[in-house]
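Data from structure17.pdb: PDB, C-alpha atoms
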```
ATOM      1  CA  MET A   1       0.000   0.000   0.000
ATOM      2  CA  SER A   2       1.451   3.349  -1.018
ATOM      3  CA  ASP A   3       1.208   6.358   1.353
ATOM      4  CA  ALA A   4       0.401   3.919   4.158
ATOM      5  CA  GLY A   5       1.501   6.372   6.850
ATOM      6  CA  PHE A   6      -1.104   8.999   5.961
ATOM      7  CA  ILE A   7      -3.852   6.423   5.414
ATOM      8  CA  VAL A   8      -3.237   4.575   8.682
ATOM      9  CA  LEU A   9      -2.935   7.902  10.534
ATOM     10  CA  SER A  10      -6.368   9.004   9.287
ATOM     11  CA  TYR A  11      -7.925   5.728  10.513
ATOM     12  CA  ALA A  12      -6.015   5.935  13.822
ATOM     13  CA  VAL A  13      -7.078   9.533  14.496
ATOM     14  CA  THR A  14     -10.713   8.712  13.705
ATOM     15  CA  GLY A  15     -10.828   5.473  15.710
ATOM     16  CA  GLY A  16      -8.740   6.890  18.560
ATOM     17  CA  SER A  17     -10.937   9.996  18.932
ATOM     18  CA  ILE A  18     -14.102   7.905  19.077
ATOM     19  CA  LEU A  19     -12.521   5.495  21.559
ATOM     20  CA  VAL A  20     -11.470   8.347  23.860
ATOM     21  CA  LEU A  21     -14.976   9.869  23.788
ATOM     22  CA  VAL A  22     -16.565   6.458  24.445
ATOM     23  CA  ILE A  23     -14.276   5.846  27.440
ATOM     24  CA  VAL A  24     -14.885   9.349  28.850
ATOM     25  CA  THR A  25     -18.652   8.890  28.363
ATOM     26  CA  ILE A  26     -18.701   5.520  30.161
ATOM     27  CA  ARG A  27     -16.530   6.745  33.055
ATOM     28  CA  ARG A  28     -18.459   9.977  33.618
ATOM     29  CA  GLY A  29     -21.750   8.147  33.194
ATOM     30  CA  ARG A  30     -20.810   5.710  35.955
ATOM     31  CA  LEU A  31     -19.616   8.538  38.205
ATOM     32  CA  LEU A  32     -22.825  10.539  37.760
ATOM     33  CA  SER A  33     -24.976   7.417  38.078
ATOM     34  CA  ARG A  34     -23.715   6.903  41.644
ATOM     35  CA  GLN A  35     -24.852  10.423  42.587
ATOM     36  CA  VAL A  36     -28.354  10.207  41.131
ATOM     37  CA  ALA A  37     -31.320   8.255  42.487
ATOM     38  CA  ASP A  38     -32.981   5.611  40.322
ATOM     39  CA  GLN A  39     -36.259   7.537  40.119
ATOM     40  CA  ASP A  40     -34.383  10.328  38.305
ATOM     41  CA  LYS A  41     -33.194   7.920  35.611
ATOM     42  CA  PRO A  42     -36.076   7.465  33.155
ATOM     43  CA  TRP A  43     -34.182   4.728  31.273
ATOM     44  CA  ILE A  44     -34.246   2.336  34.262
TER      45      ILE A  44
ATOM     46  CA  MET B   1     -35.194  12.334  47.690
ATOM     47  CA  TYR B   2     -31.489  12.094  47.099
ATOM     48  CA  GLY B   3     -30.591  10.411  50.392
ATOM     49  CA  ASP B   4     -27.716   7.966  50.783
ATOM     50  CA  ASN B   5     -30.081   4.983  50.708
ATOM     51  CA  ASP B   6     -31.450   6.071  47.354
ATOM     52  CA  MET B   7     -28.002   6.476  45.885
ATOM     53  CA  ASN B   8     -26.907   2.925  46.640
ATOM     54  CA  HIS B   9     -27.398   1.452  43.168
ATOM     55  CA  ASP B  10     -24.707  -1.175  43.285
ATOM     56  CA  SER B  11     -27.248  -3.974  43.450
ATOM     57  CA  THR B  12     -28.933  -2.921  40.193
ATOM     58  CA  PRO B  13     -27.574  -4.168  36.856
ATOM     59  CA  ASP B  14     -27.350  -0.635  35.473
ATOM     60  CA  ALA B  15     -24.972   0.512  38.198
ATOM     61  CA  VAL B  16     -22.314  -1.330  36.198
ATOM     62  CA  GLY B  17     -22.935   0.553  32.956
ATOM     63  CA  GLY B  18     -24.069   3.844  34.500
ATOM     64  CA  VAL B  19     -26.282   4.930  31.633
ATOM     65  CA  ALA B  20     -26.336   1.750  29.549
ATOM     66  CA  THR B  21     -29.451  -0.223  28.644
ATOM     67  CA  THR B  22     -30.001  -3.324  26.530
ATOM     68  CA  THR B  23     -30.848  -1.162  23.500
ATOM     69  CA  SER B  24     -27.752   1.002  23.807
ATOM     70  CA  ARG B  25     -25.558  -2.055  24.336
ATOM     71  CA  THR B  26     -27.016  -3.625  21.171
ATOM     72  CA  ILE B  27     -26.291  -0.448  19.216
ATOM     73  CA  GLY B  28     -22.757  -0.460  20.642
ATOM     74  CA  VAL B  29     -22.148  -4.041  19.503
ATOM     75  CA  LEU B  30     -23.494  -3.232  16.011
ATOM     76  CA  ALA B  31     -21.164  -0.211  15.864
ATOM     77  CA  ILE B  32     -18.122  -2.345  16.795
ATOM     78  CA  VAL B  33     -18.972  -5.020  14.190
ATOM     79  CA  ALA B  34     -19.588  -2.454  11.425
ATOM     80  CA  MET B  35     -16.447  -0.477  12.327
ATOM     81  CA  THR B  36     -14.326  -3.637  12.212
ATOM     82  CA  TRP B  37     -15.665  -4.457   8.744
ATOM     83  CA  VAL B  38     -14.935  -0.909   7.485
ATOM     84  CA  LEU B  39     -11.404  -1.096   8.886
ATOM     85  CA  VAL B  40     -10.648  -4.427   7.207
ATOM     86  CA  SER B  41     -12.407  -3.691   3.928
ATOM     87  CA  GLY B  42     -11.231  -0.074   3.701
ATOM     88  CA  LEU B  43      -7.586  -0.875   4.348
ATOM     89  CA  PHE B  44      -7.167  -4.290   2.713
ATOM     90  CA  LEU B  45     -10.074  -5.504   0.548
ATOM     91  CA  THR B  46     -11.168  -2.557  -1.592
ATOM     92  CA  PRO B  47      -9.211  -1.785  -4.772
ATOM     93  CA  ALA B  48      -7.023   1.270  -5.210
ATOM     94  CA  ASP B  49      -8.475   4.155  -7.249
ATOM     95  CA  ILE B  50      -7.340   4.510 -10.851
ATOM     96  CA  ASN B  51      -6.380   8.172 -10.279
ATOM     97  CA  GLN B  52      -5.728   8.531  -6.561
ATOM     98  CA  GLY B  53      -4.217   5.119  -5.838
ATOM     99  CA  ASP B  54      -4.397   3.953  -2.213
ATOM    100  CA  ALA B  55      -5.120   7.486  -0.960
ATOM    101  CA  VAL B  56      -8.789   6.833  -1.771
ATOM    102  CA  ARG B  57      -8.934   4.545   1.308
ATOM    103  CA  ILE B  58      -9.210   7.692   3.451
ATOM    104  CA  MET B  59     -12.637   8.228   1.842
ATOM    105  CA  TYR B  60     -14.132   5.396   3.954
ATOM    106  CA  VAL B  61     -13.646   7.424   7.133
ATOM    107  CA  HIS B  62     -13.664  10.977   5.728
ATOM    108  CA  VAL B  63     -17.033  10.908   3.920
ATOM    109  CA  PRO B  64     -19.056   9.058   6.631
ATOM    110  CA  THR B  65     -17.743  11.329   9.411
ATOM    111  CA  ALA B  66     -18.707  14.393   7.338
ATOM    112  CA  TRP B  67     -22.206  13.067   6.626
ATOM    113  CA  ILE B  68     -22.812  12.068  10.253
ATOM    114  CA  ALA B  69     -21.534  15.455  11.447
ATOM    115  CA  TYR B  70     -24.174  17.043   9.184
ATOM    116  CA  LEU B  71     -26.774  14.654  10.614
ATOM    117  CA  ALA B  72     -25.706  15.524  14.172
ATOM    118  CA  PHE B  73     -26.079  19.251  13.536
ATOM    119  CA  ILE B  74     -29.465  18.729  11.838
ATOM    120  CA  VAL B  75     -30.631  16.758  14.900
ATOM    121  CA  THR B  76     -29.390  19.612  17.098
ATOM    122  CA  GLY B  77     -31.266  22.122  14.944
ATOM    123  CA  ALA B  78     -34.495  20.082  14.897
ATOM    124  CA  ALA B  79     -34.455  19.502  18.668
ATOM    125  CA  SER B  80     -33.728  23.185  19.240
ATOM    126  CA  LEU B  81     -36.596  24.242  16.991
ATOM    127  CA  ALA B  82     -38.882  21.852  18.873
ATOM    128  CA  TRP B  83     -37.816  23.519  22.130
ATOM    129  CA  LEU B  84     -38.503  26.986  20.740
ATOM    130  CA  LEU B  85     -41.831  26.176  19.058
ATOM    131  CA  LYS B  86     -43.507  23.955  21.672
ATOM    132  CA  LYS B  87     -45.659  25.714  24.265
ATOM    133  CA  SER B  88     -44.394  23.658  27.198
ATOM    134  CA  PRO B  89     -41.273  21.935  25.858
ATOM    135  CA  SER B  90     -39.408  19.194  27.655
ATOM    136  CA  LEU B  91     -35.767  19.730  28.578
ATOM    137  CA  ALA B  92     -35.147  16.414  26.802
ATOM    138  CA  PHE B  93     -35.102  18.398  23.531
ATOM    139  CA  ASP B  94     -32.284  20.537  24.881
ATOM    140  CA  ARG B  95     -30.314  17.553  26.122
ATOM    141  CA  VAL B  96     -30.607  15.747  22.780
ATOM    142  CA  ALA B  97     -29.554  18.970  21.014
ATOM    143  CA  GLY B  98     -26.521  19.358  23.279
ATOM    144  CA  ALA B  99     -25.448  15.718  23.092
ATOM    145  CA  SER B 100     -25.820  15.647  19.313
ATOM    146  CA  ALA B 101     -23.760  18.835  18.926
ATOM    147  CA  GLU B 102     -20.971  17.387  21.092
ATOM    148  CA  VAL B 103     -20.756  14.310  18.890
ATOM    149  CA  GLY B 104     -21.100  16.406  15.725
ATOM    150  CA  VAL B 105     -18.145  18.587  16.709
ATOM    151  CA  LEU B 106     -15.990  15.493  17.258
ATOM    152  CA  PHE B 107     -17.019  14.039  13.880
ATOM    153  CA  MET B 108     -16.408  17.368  12.153
ATOM    154  CA  ALA B 109     -12.916  17.526  13.699
ATOM    155  CA  MET B 110     -12.228  14.015  12.386
ATOM    156  CA  THR B 111     -13.485  15.090   8.947
ATOM    157  CA  LEU B 112     -11.124  18.065   8.915
ATOM    158  CA  ILE B 113      -8.126  15.997  10.038
ATOM    159  CA  SER B 114      -8.714  13.082   7.649
ATOM    160  CA  GLY B 115      -9.461  15.588   4.869
ATOM    161  CA  SER B 116      -6.172  17.375   5.519
ATOM    162  CA  LEU B 117      -4.273  14.093   5.304
ATOM    163  CA  TRP B 118      -6.108  13.196   2.090
ATOM    164  CA  GLY B 119      -5.439  16.675   0.719
ATOM    165  CA  ARG B 120      -1.713  16.302   1.415
ATOM    166  CA  LEU B 121      -1.667  13.147  -0.725
ATOM    167  CA  THR B 122      -3.843  14.380  -3.595
ATOM    168  CA  TRP B 123      -3.291  18.169  -3.671
ATOM    169  CA  GLY B 124       0.184  18.270  -2.113
ATOM    170  CA  THR B 125      -0.927  20.456   0.802
ATOM    171  CA  PHE B 126      -2.697  19.951   4.126
ATOM    172  CA  TRP B 127      -4.866  23.037   3.807
ATOM    173  CA  VAL B 128      -6.046  25.585   1.235
ATOM    174  CA  TRP B 129      -8.615  28.334   1.748
ATOM    175  CA  ASP B 130     -10.957  26.583  -0.646
ATOM    176  CA  PRO B 131     -14.738  27.254  -0.354
ATOM    177  CA  ARG B 132     -15.551  23.725   0.922
ATOM    178  CA  LEU B 133     -12.704  23.671   3.446
ATOM    179  CA  THR B 134     -13.329  27.218   4.624
ATOM    180  CA  THR B 135     -17.090  26.768   5.101
ATOM    181  CA  THR B 136     -16.488  23.441   6.886
ATOM    182  CA  ALA B 137     -13.999  25.084   9.250
ATOM    183  CA  PHE B 138     -16.530  27.883   9.841
ATOM    184  CA  LEU B 139     -19.241  25.309  10.651
ATOM    185  CA  PHE B 140     -16.871  23.583  13.090
ATOM    186  CA  VAL B 141     -16.032  26.851  14.871
ATOM    187  CA  THR B 142     -19.728  27.822  15.013
ATOM    188  CA  TYR B 143     -20.616  24.633  16.898
ATOM    189  CA  ILE B 144     -17.653  25.020  19.240
ATOM    190  CA  GLY B 145     -19.181  28.428  20.026
ATOM    191  CA  TYR B 146     -22.563  26.740  20.512
ATOM    192  CA  LEU B 147     -21.037  24.334  23.055
ATOM    193  CA  ALA B 148     -19.289  27.248  24.792
ATOM    194  CA  VAL B 149     -22.645  29.059  25.117
ATOM    195  CA  ARG B 150     -24.182  25.912  26.594
ATOM    196  CA  GLY B 151     -21.460  25.959  29.245
ATOM    197  CA  LEU B 152     -22.383  29.448  30.480
ATOM    198  CA  GLY B 153     -24.158  29.781  33.845
ATOM    199  CA  GLY B 154     -27.900  29.854  34.474
ATOM    200  CA  SER B 155     -30.747  27.409  34.884
ATOM    201  CA  PRO B 156     -31.280  24.495  32.459
ATOM    202  CA  GLN B 157     -34.213  26.447  30.955
ATOM    203  CA  GLN B 158     -32.031  29.511  30.319
ATOM    204  CA  ARG B 159     -29.347  27.300  28.798
ATOM    205  CA  ALA B 160     -31.927  25.614  26.573
ATOM    206  CA  GLN B 161     -33.413  28.909  25.397
ATOM    207  CA  ARG B 162     -30.213  30.691  24.418
ATOM    208  CA  SER B 163     -28.554  27.621  22.843
ATOM    209  CA  ALA B 164     -31.729  26.768  20.884
ATOM    210  CA  VAL B 165     -31.654  30.200  19.222
ATOM    211  CA  ILE B 166     -28.021  29.711  18.165
ATOM    212  CA  ALA B 167     -28.577  26.139  16.931
ATOM    213  CA  SER B 168     -31.620  27.173  14.875
ATOM    214  CA  LEU B 169     -29.470  29.679  13.013
ATOM    215  CA  ALA B 170     -26.288  27.591  12.833
ATOM    216  CA  VAL B 171     -28.022  24.719  11.032
ATOM    217  CA  LEU B 172     -28.525  27.040   8.042
ATOM    218  CA  GLU B 173     -24.775  26.784   7.381
ATOM    219  CA  ILE B 174     -25.050  23.111   6.373
ATOM    220  CA  PRO B 175     -26.529  23.692   2.875
ATOM    221  CA  LEU B 176     -23.875  26.348   2.357
ATOM    222  CA  VAL B 177     -21.118  23.839   3.159
ATOM    223  CA  HIS B 178     -22.679  21.056   1.086
ATOM    224  CA  PHE B 179     -23.296  23.169  -2.024
ATOM    225  CA  SER B 180     -20.087  25.212  -1.734
ATOM    226  CA  VAL B 181     -18.474  22.994  -4.399
ATOM    227  CA  VAL B 182     -21.288  23.926  -6.798
ATOM    228  CA  LEU B 183     -21.701  27.590  -5.845
ATOM    229  CA  TRP B 184     -18.012  28.491  -6.093
ATOM    230  CA  ARG B 185     -14.975  27.211  -7.982
ATOM    231  CA  SER B 186     -13.523  24.644  -5.627
ATOM    232  CA  LEU B 187     -10.446  22.449  -5.463
ATOM    233  CA  HIS B 188     -12.519  19.934  -3.497
ATOM    234  CA  GLN B 189     -14.168  17.317  -5.681
ATOM    235  CA  SER B 190     -17.911  17.508  -6.237
ATOM    236  CA  ALA B 191     -20.328  14.824  -5.007
ATOM    237  CA  SER B 192     -19.355  11.254  -5.974
ATOM    238  CA  VAL B 193     -22.398   9.464  -4.573
ATOM    239  CA  LEU B 194     -25.206  11.965  -3.998
ATOM    240  CA  ARG B 195     -25.109  13.227  -7.589
ATOM    241  CA  PRO B 196     -28.083  15.032  -9.156
ATOM    242  CA  ASP B 197     -27.974  12.692 -12.195
ATOM    243  CA  GLY B 198     -27.893   9.596  -9.933
ATOM    244  CA  ASP B 199     -24.919   8.152 -11.843
ATOM    245  CA  VAL B 200     -22.527   6.706  -9.252
ATOM    246  CA  LYS B 201     -19.128   5.942 -10.757
ATOM    247  CA  MET B 202     -17.702   3.669  -8.092
ATOM    248  CA  ASP B 203     -16.680   0.031  -7.793
ATOM    249  CA  GLY B 204     -19.284  -2.165  -6.043
ATOM    250  CA  LEU B 205     -17.120  -3.095  -3.036
ATOM    251  CA  MET B 206     -15.948   0.512  -2.658
ATOM    252  CA  LEU B 207     -19.558   1.720  -2.579
ATOM    253  CA  PHE B 208     -20.562  -1.058  -0.156
ATOM    254  CA  THR B 209     -17.659  -0.194   2.168
ATOM    255  CA  LEU B 210     -18.542   3.486   2.007
ATOM    256  CA  PHE B 211     -22.149   2.791   3.005
ATOM    257  CA  SER B 212     -20.947   0.356   5.672
ATOM    258  CA  GLY B 213     -18.924   3.288   7.010
ATOM    259  CA  VAL B 214     -22.029   5.462   7.056
ATOM    260  CA  LEU B 215     -23.890   2.720   8.951
ATOM    261  CA  ALA B 216     -21.002   2.175  11.386
ATOM    262  CA  PHE B 217     -20.694   5.877  12.192
ATOM    263  CA  THR B 218     -24.493   6.186  12.477
ATOM    264  CA  PHE B 219     -24.530   3.434  15.129
ATOM    265  CA  THR B 220     -21.621   5.152  16.900
ATOM    266  CA  PHE B 221     -23.444   8.485  16.755
ATOM    267  CA  LEU B 222     -26.625   6.924  18.190
ATOM    268  CA  TRP B 223     -24.735   5.200  21.005
ATOM    269  CA  LEU B 224     -22.905   8.401  21.938
ATOM    270  CA  VAL B 225     -26.009  10.623  21.802
ATOM    271  CA  ILE B 226     -28.111   8.188  23.872
ATOM    272  CA  HIS B 227     -25.425   7.979  26.554
ATOM    273  CA  ARG B 228     -24.437  11.633  26.568
ATOM    274  CA  GLN B 229     -27.987  12.995  26.785
ATOM    275  CA  ARG B 230     -28.525  10.725  29.801
ATOM    276  CA  MET B 231     -25.325  12.123  31.276
ATOM    277  CA  LEU B 232     -26.616  15.660  30.729
ATOM    278  CA  LEU B 233     -29.843  14.732  32.534
ATOM    279  CA  MET B 234     -27.900  13.388  35.515
ATOM    280  CA  ARG B 235     -25.643  16.462  35.517
ATOM    281  CA  ASP B 236     -28.758  18.673  35.718
ATOM    282  CA  VAL B 237     -30.126  16.560  38.579
ATOM    283  CA  VAL B 238     -26.806  16.772  40.466
ATOM    284  CA  GLY B 239     -26.664  20.554  39.853
ATOM    285  CA  GLU B 240     -30.231  20.981  41.105
ATOM    286  CA  LYS B 241     -29.480  18.873  44.152
ATOM    287  CA  GLY B 242     -26.397  20.992  44.931
ATOM    288  CA  LEU B 243     -28.421  24.189  44.572
ATOM    289  CA  GLU B 244     -31.168  22.881  46.876
ATOM    290  CA  ALA B 245     -28.550  21.896  49.479
ATOM    291  CA  ALA B 246     -26.916  25.345  49.286
ATOM    292  CA  ILE B 247     -30.303  27.088  49.767
ATOM    293  CA  ARG B 248     -31.128  24.841  52.749
ATOM    294  CA  GLU B 249     -27.764  25.608  54.353
ATOM    295  CA  ARG B 250     -28.201  29.339  53.785
ATOM    296  CA  ARG B 251     -31.697  29.188  55.353
ATOM    297  CA  ARG B 252     -30.270  27.392  58.377
ATOM    298  CA  ASP B 253     -27.475  29.966  58.762
ATOM    299  CA  HIS B 254     -29.906  32.897  58.532
ATOM    300  CA  GLY B 255     -32.657  31.466  60.747
ATOM    301  CA  GLY B 256     -34.974  30.478  57.914
ATOM    302  CA  VAL B 257     -34.640  33.725  55.902
ATOM    303  CA  VAL B 258     -32.803  33.755  52.604
ATOM    304  CA  ALA B 259     -31.722  37.134  51.238
TER     305      ALA B 259
END
```
Would you mind writing the file's structure down as structure tokens?
Amino acid sequence: MSDAGFIVLSYAVTGGSILVLVIVTIRRGRLLSRQVADQDKPWI
Amino acid sequence: MYGDNDMNHDSTPDAVGGVATTTSRTIGVLAIVAMTWVLVSGLFLTPADINQGDAVRIMYVHVPTAWIAYLAFIVTGAASLAWLLKKSPSLAFDRVAGASAEVGVLFMAMTLISGSLWGRLTWGTFWVWDPRLTTTAFLFVTYIGYLAVRGLGGSPQQRAQRSAVIASLAVLEIPLVHFSVVLWRSLHQSASVLRPDGDVKMDGLMLFTLFSGVLAFTFTFLWLVIHRQRMLLMRDVVGEKGLEAAIRERRRDHGGVVA
């Protein structure tokens, strides 16, 4: 594959950014979930 | 209402995931499967382009992230309009608008970065002040401003009102970005798939991988918006609880009278 560096970098930046946001979302969601009562969570 | 006993959720299944439900987990699994396919097919299975060579592989992440960023901003605009037009709107509209804008900004950033890398390979430069690139950068900055306005102080209702006005106007930029390649002379290529004549000049596997990318990023978008709008709800509840506690303490300190 020619220009592999640029191509792989574009996939890595995209995948890495999503992964970071997913991890932050899960961690903060868990943290907030401990501070909020079940009756204030309509999804439960 | 928010006593210690109520906050002990460790025995419930959702205490593990925080904001996860069966539906959101299913969407998450679908996103992982579709993303894996796009990665494998985009990097190894699809053929190189006759003109661009292997650089065309960037298309499988660049185009879907751009389309889903548009979708995210349209969702933000629609939810904001619903907030403004309804007589007694639910704050859920505002939370969906905010969560969708957060994800849209991330996807737009990824579009700009992958586009710059693609531009370096095909045009020989990371950036030019081309109409498509310039309007896209302007759209990106507009929604960063939108998120900054959401972060200002005030009640959730005040936040919803002022951010809904901005989002309703900001969404008008999307047609400008999309049609910039038609309206002005642009270095950026015109539409390859969504062509007015409907004639798609693309290899079958390339087209399938591109649409798989759109599906994969749509699942990712849905997962993120579902989780983040629930987070915003819990953040509002925690903020309200903190405010109520502060008022109670002040009342106690001043013998039941709050200035």
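Residues from chain A found within 7 Å of chain B are Met1, Ser2, Asp3, Phe6, Ile7, Ser10, Tyr11, Thr14, Thr25, Gly29, Arg30, Leu32, Ser33, Arg34, Gln35, Val36 and Ala37 of chain A, counting only C-alpha atoms.
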Practice prompt. Name the residues that the PyMOL selection byres ((chain B and resi 92) around 9) pulls out of this structure, and write them as a PyMOL selection string.
Written response: chain B and resi 79+83+89-91+93-97+229+233
Worksheet item: Quick one: distance from atom CA of Ile74 of chain B to atom CA of Gly204 of chain B in Å, one decimal?
Response: 29.3 Å
Worksheet item: When you draw a straight line from atom CA of Val225 of chain B to atom CA of Thr76 of chain B, how long is it in Å?
Response: 10.7 Å
Fill in: Resolved residues for the PyMOL selection byres ((chain B and resi 68) around 8) as an MDAnalysis selection string
chainID B and resid 64:67 69:72 104 107 214 217:218 221
Around all the atoms of segment 183-188 of chain B listed in the file, with 8 Å of room on each side, what axis-aligned box do you get, giving centre and edge lengths in Å to one decimal, as lines of an AutoDock Vina configuration file?
```
center_x = -16.1
center_y = 24.2
center_z = -5.7
size_x = 27.3
size_y = 24.6
size_z = 20.5
```
Worksheet item: What do you get, as a ChimeraX atom specification, if you spell out every residue that the PyMOL selection byres ((chain B and resi 212) around 12) selects here?
Response: /B:30-42,60-61,63-64,205-211,213-219
Keeping C-alpha atoms for every residue in the selection just given, could you write it to a file as a short mmCIF file (atom, residue, chain, number, x, y, z; two decimals), in the coordinates of the input?
```cif
data_model
loop_
_atom_site.label_atom_id
_atom_site.label_comp_id
_atom_site.auth_asym_id
_atom_site.auth_seq_id
_atom_site.Cartn_x
_atom_site.Cartn_y
_atom_site.Cartn_z
CA LEU B 30 -23.49 -3.23 16.01
CA ALA B 31 -21.16 -0.21 15.86
CA ILE B 32 -18.12 -2.35 16.80
CA VAL B 33 -18.97 -5.02 14.19
CA ALA B 34 -19.59 -2.45 11.42
CA MET B 35 -16.45 -0.48 12.33
CA THR B 36 -14.33 -3.64 12.21
CA TRP B 37 -15.66 -4.46 8.74
CA VAL B 38 -14.94 -0.91 7.48
CA LEU B 39 -11.40 -1.10 8.89
CA VAL B 40 -10.65 -4.43 7.21
CA SER B 41 -12.41 -3.69 3.93
CA GLY B 42 -11.23 -0.07 3.70
CA TYR B 60 -14.13 5.40 3.95
CA VAL B 61 -13.65 7.42 7.13
CA VAL B 63 -17.03 10.91 3.92
CA PRO B 64 -19.06 9.06 6.63
CA LEU B 205 -17.12 -3.10 -3.04
CA MET B 206 -15.95 0.51 -2.66
CA LEU B 207 -19.56 1.72 -2.58
CA PHE B 208 -20.56 -1.06 -0.16
CA THR B 209 -17.66 -0.19 2.17
CA LEU B 210 -18.54 3.49 2.01
CA PHE B 211 -22.15 2.79 3.00
CA GLY B 213 -18.92 3.29 7.01
CA VAL B 214 -22.03 5.46 7.06
CA LEU B 215 -23.89 2.72 8.95
CA ALA B 216 -21.00 2.17 11.39
CA PHE B 217 -20.69 5.88 12.19
CA THR B 218 -24.49 6.19 12.48
CA PHE B 219 -24.53 3.43 15.13
#
```
Practice prompt. Using atom CA of Val171 of chain B and atom CA of Thr142 of chain B as the two end points, give the distance in Å to one decimal.
Written response: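 Rounded to one decimal, the two atoms are 9.7 Å apart.
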Practice prompt. Name the residues in contact with segment 126-138 of chain B at a cut-off of 7 Å, using all atoms listed in the file, excluding same-chain residues fewer than 2 positions from it; report them as an MDAnalysis selection string.
Written response: chainID B and resid 116:117 119:120 140:142 177 180:181 184 186:188
Rebuild segment 36-49 of chain B to N, CA and C atoms - output it as a PDB file, in the frame of the given file, please.
```
ATOM      1  N   THR B  36     -15.363  -2.640  12.509  1.00  0.00           N
ATOM      2  CA  THR B  36     -14.326  -3.637  12.212  1.00  0.00           C
ATOM      3  C   THR B  36     -14.333  -3.982  10.720  1.00  0.00           C
ATOM      4  N   TRP B  37     -15.542  -4.148  10.172  1.00  0.00           N
ATOM      5  CA  TRP B  37     -15.665  -4.457   8.744  1.00  0.00           C
ATOM      6  C   TRP B  37     -15.094  -3.305   7.893  1.00  0.00           C
ATOM      7  N   VAL B  38     -15.416  -2.072   8.242  1.00  0.00           N
ATOM      8  CA  VAL B  38     -14.935  -0.909   7.485  1.00  0.00           C
ATOM      9  C   VAL B  38     -13.409  -0.839   7.540  1.00  0.00           C
ATOM     10  N   LEU B  39     -12.866  -1.119   8.722  1.00  0.00           N
ATOM     11  CA  LEU B  39     -11.404  -1.096   8.886  1.00  0.00           C
ATOM     12  C   LEU B  39     -10.732  -2.120   7.976  1.00  0.00           C
ATOM     13  N   VAL B  40     -11.246  -3.344   8.008  1.00  0.00           N
ATOM     14  CA  VAL B  40     -10.648  -4.427   7.207  1.00  0.00           C
ATOM     15  C   VAL B  40     -10.854  -4.171   5.719  1.00  0.00           C
ATOM     16  N   SER B  41     -12.101  -3.883   5.342  1.00  0.00           N
ATOM     17  CA  SER B  41     -12.407  -3.691   3.928  1.00  0.00           C
ATOM     18  C   SER B  41     -11.738  -2.427   3.379  1.00  0.00           C
ATOM     19  N   GLY B  42     -11.804  -1.346   4.151  1.00  0.00           N
ATOM     20  CA  GLY B  42     -11.231  -0.074   3.701  1.00  0.00           C
ATOM     21  C   GLY B  42      -9.728  -0.141   3.518  1.00  0.00           C
ATOM     22  N   LEU B  43      -9.053  -0.835   4.422  1.00  0.00           N
ATOM     23  CA  LEU B  43      -7.586  -0.875   4.348  1.00  0.00           C
ATOM     24  C   LEU B  43      -7.047  -1.991   3.450  1.00  0.00           C
ATOM     25  N   PHE B  44      -7.771  -3.121   3.378  1.00  0.00           N
ATOM     26  CA  PHE B  44      -7.167  -4.290   2.713  1.00  0.00           C
ATOM     27  C   PHE B  44      -7.962  -4.864   1.533  1.00  0.00           C
ATOM     28  N   LEU B  45      -9.280  -4.789   1.555  1.00  0.00           N
ATOM     29  CA  LEU B  45     -10.074  -5.504   0.548  1.00  0.00           C
ATOM     30  C   LEU B  45     -10.439  -4.665  -0.679  1.00  0.00           C
ATOM     31  N   THR B  46     -10.724  -3.391  -0.465  1.00  0.00           N
ATOM     32  CA  THR B  46     -11.168  -2.557  -1.592  1.00  0.00           C
ATOM     33  C   THR B  46      -9.996  -2.257  -2.533  1.00  0.00           C
ATOM     34  N   PRO B  47     -10.300  -2.082  -3.824  1.00  0.00           N
ATOM     35  CA  PRO B  47      -9.211  -1.785  -4.772  1.00  0.00           C
ATOM     36  C   PRO B  47      -8.737  -0.345  -4.665  1.00  0.00           C
ATOM     37  N   ALA B  48      -7.537  -0.104  -5.153  1.00  0.00           N
ATOM     38  CA  ALA B  48      -7.023   1.270  -5.210  1.00  0.00           C
ATOM     39  C   ALA B  48      -7.728   2.016  -6.344  1.00  0.00           C
ATOM     40  N   ASP B  49      -7.813   3.332  -6.223  1.00  0.00           N
ATOM     41  CA  ASP B  49      -8.475   4.155  -7.249  1.00  0.00           C
ATOM     42  C   ASP B  49      -7.540   4.327  -8.443  1.00  0.00           C
TER      43      ASP B  49
END
```
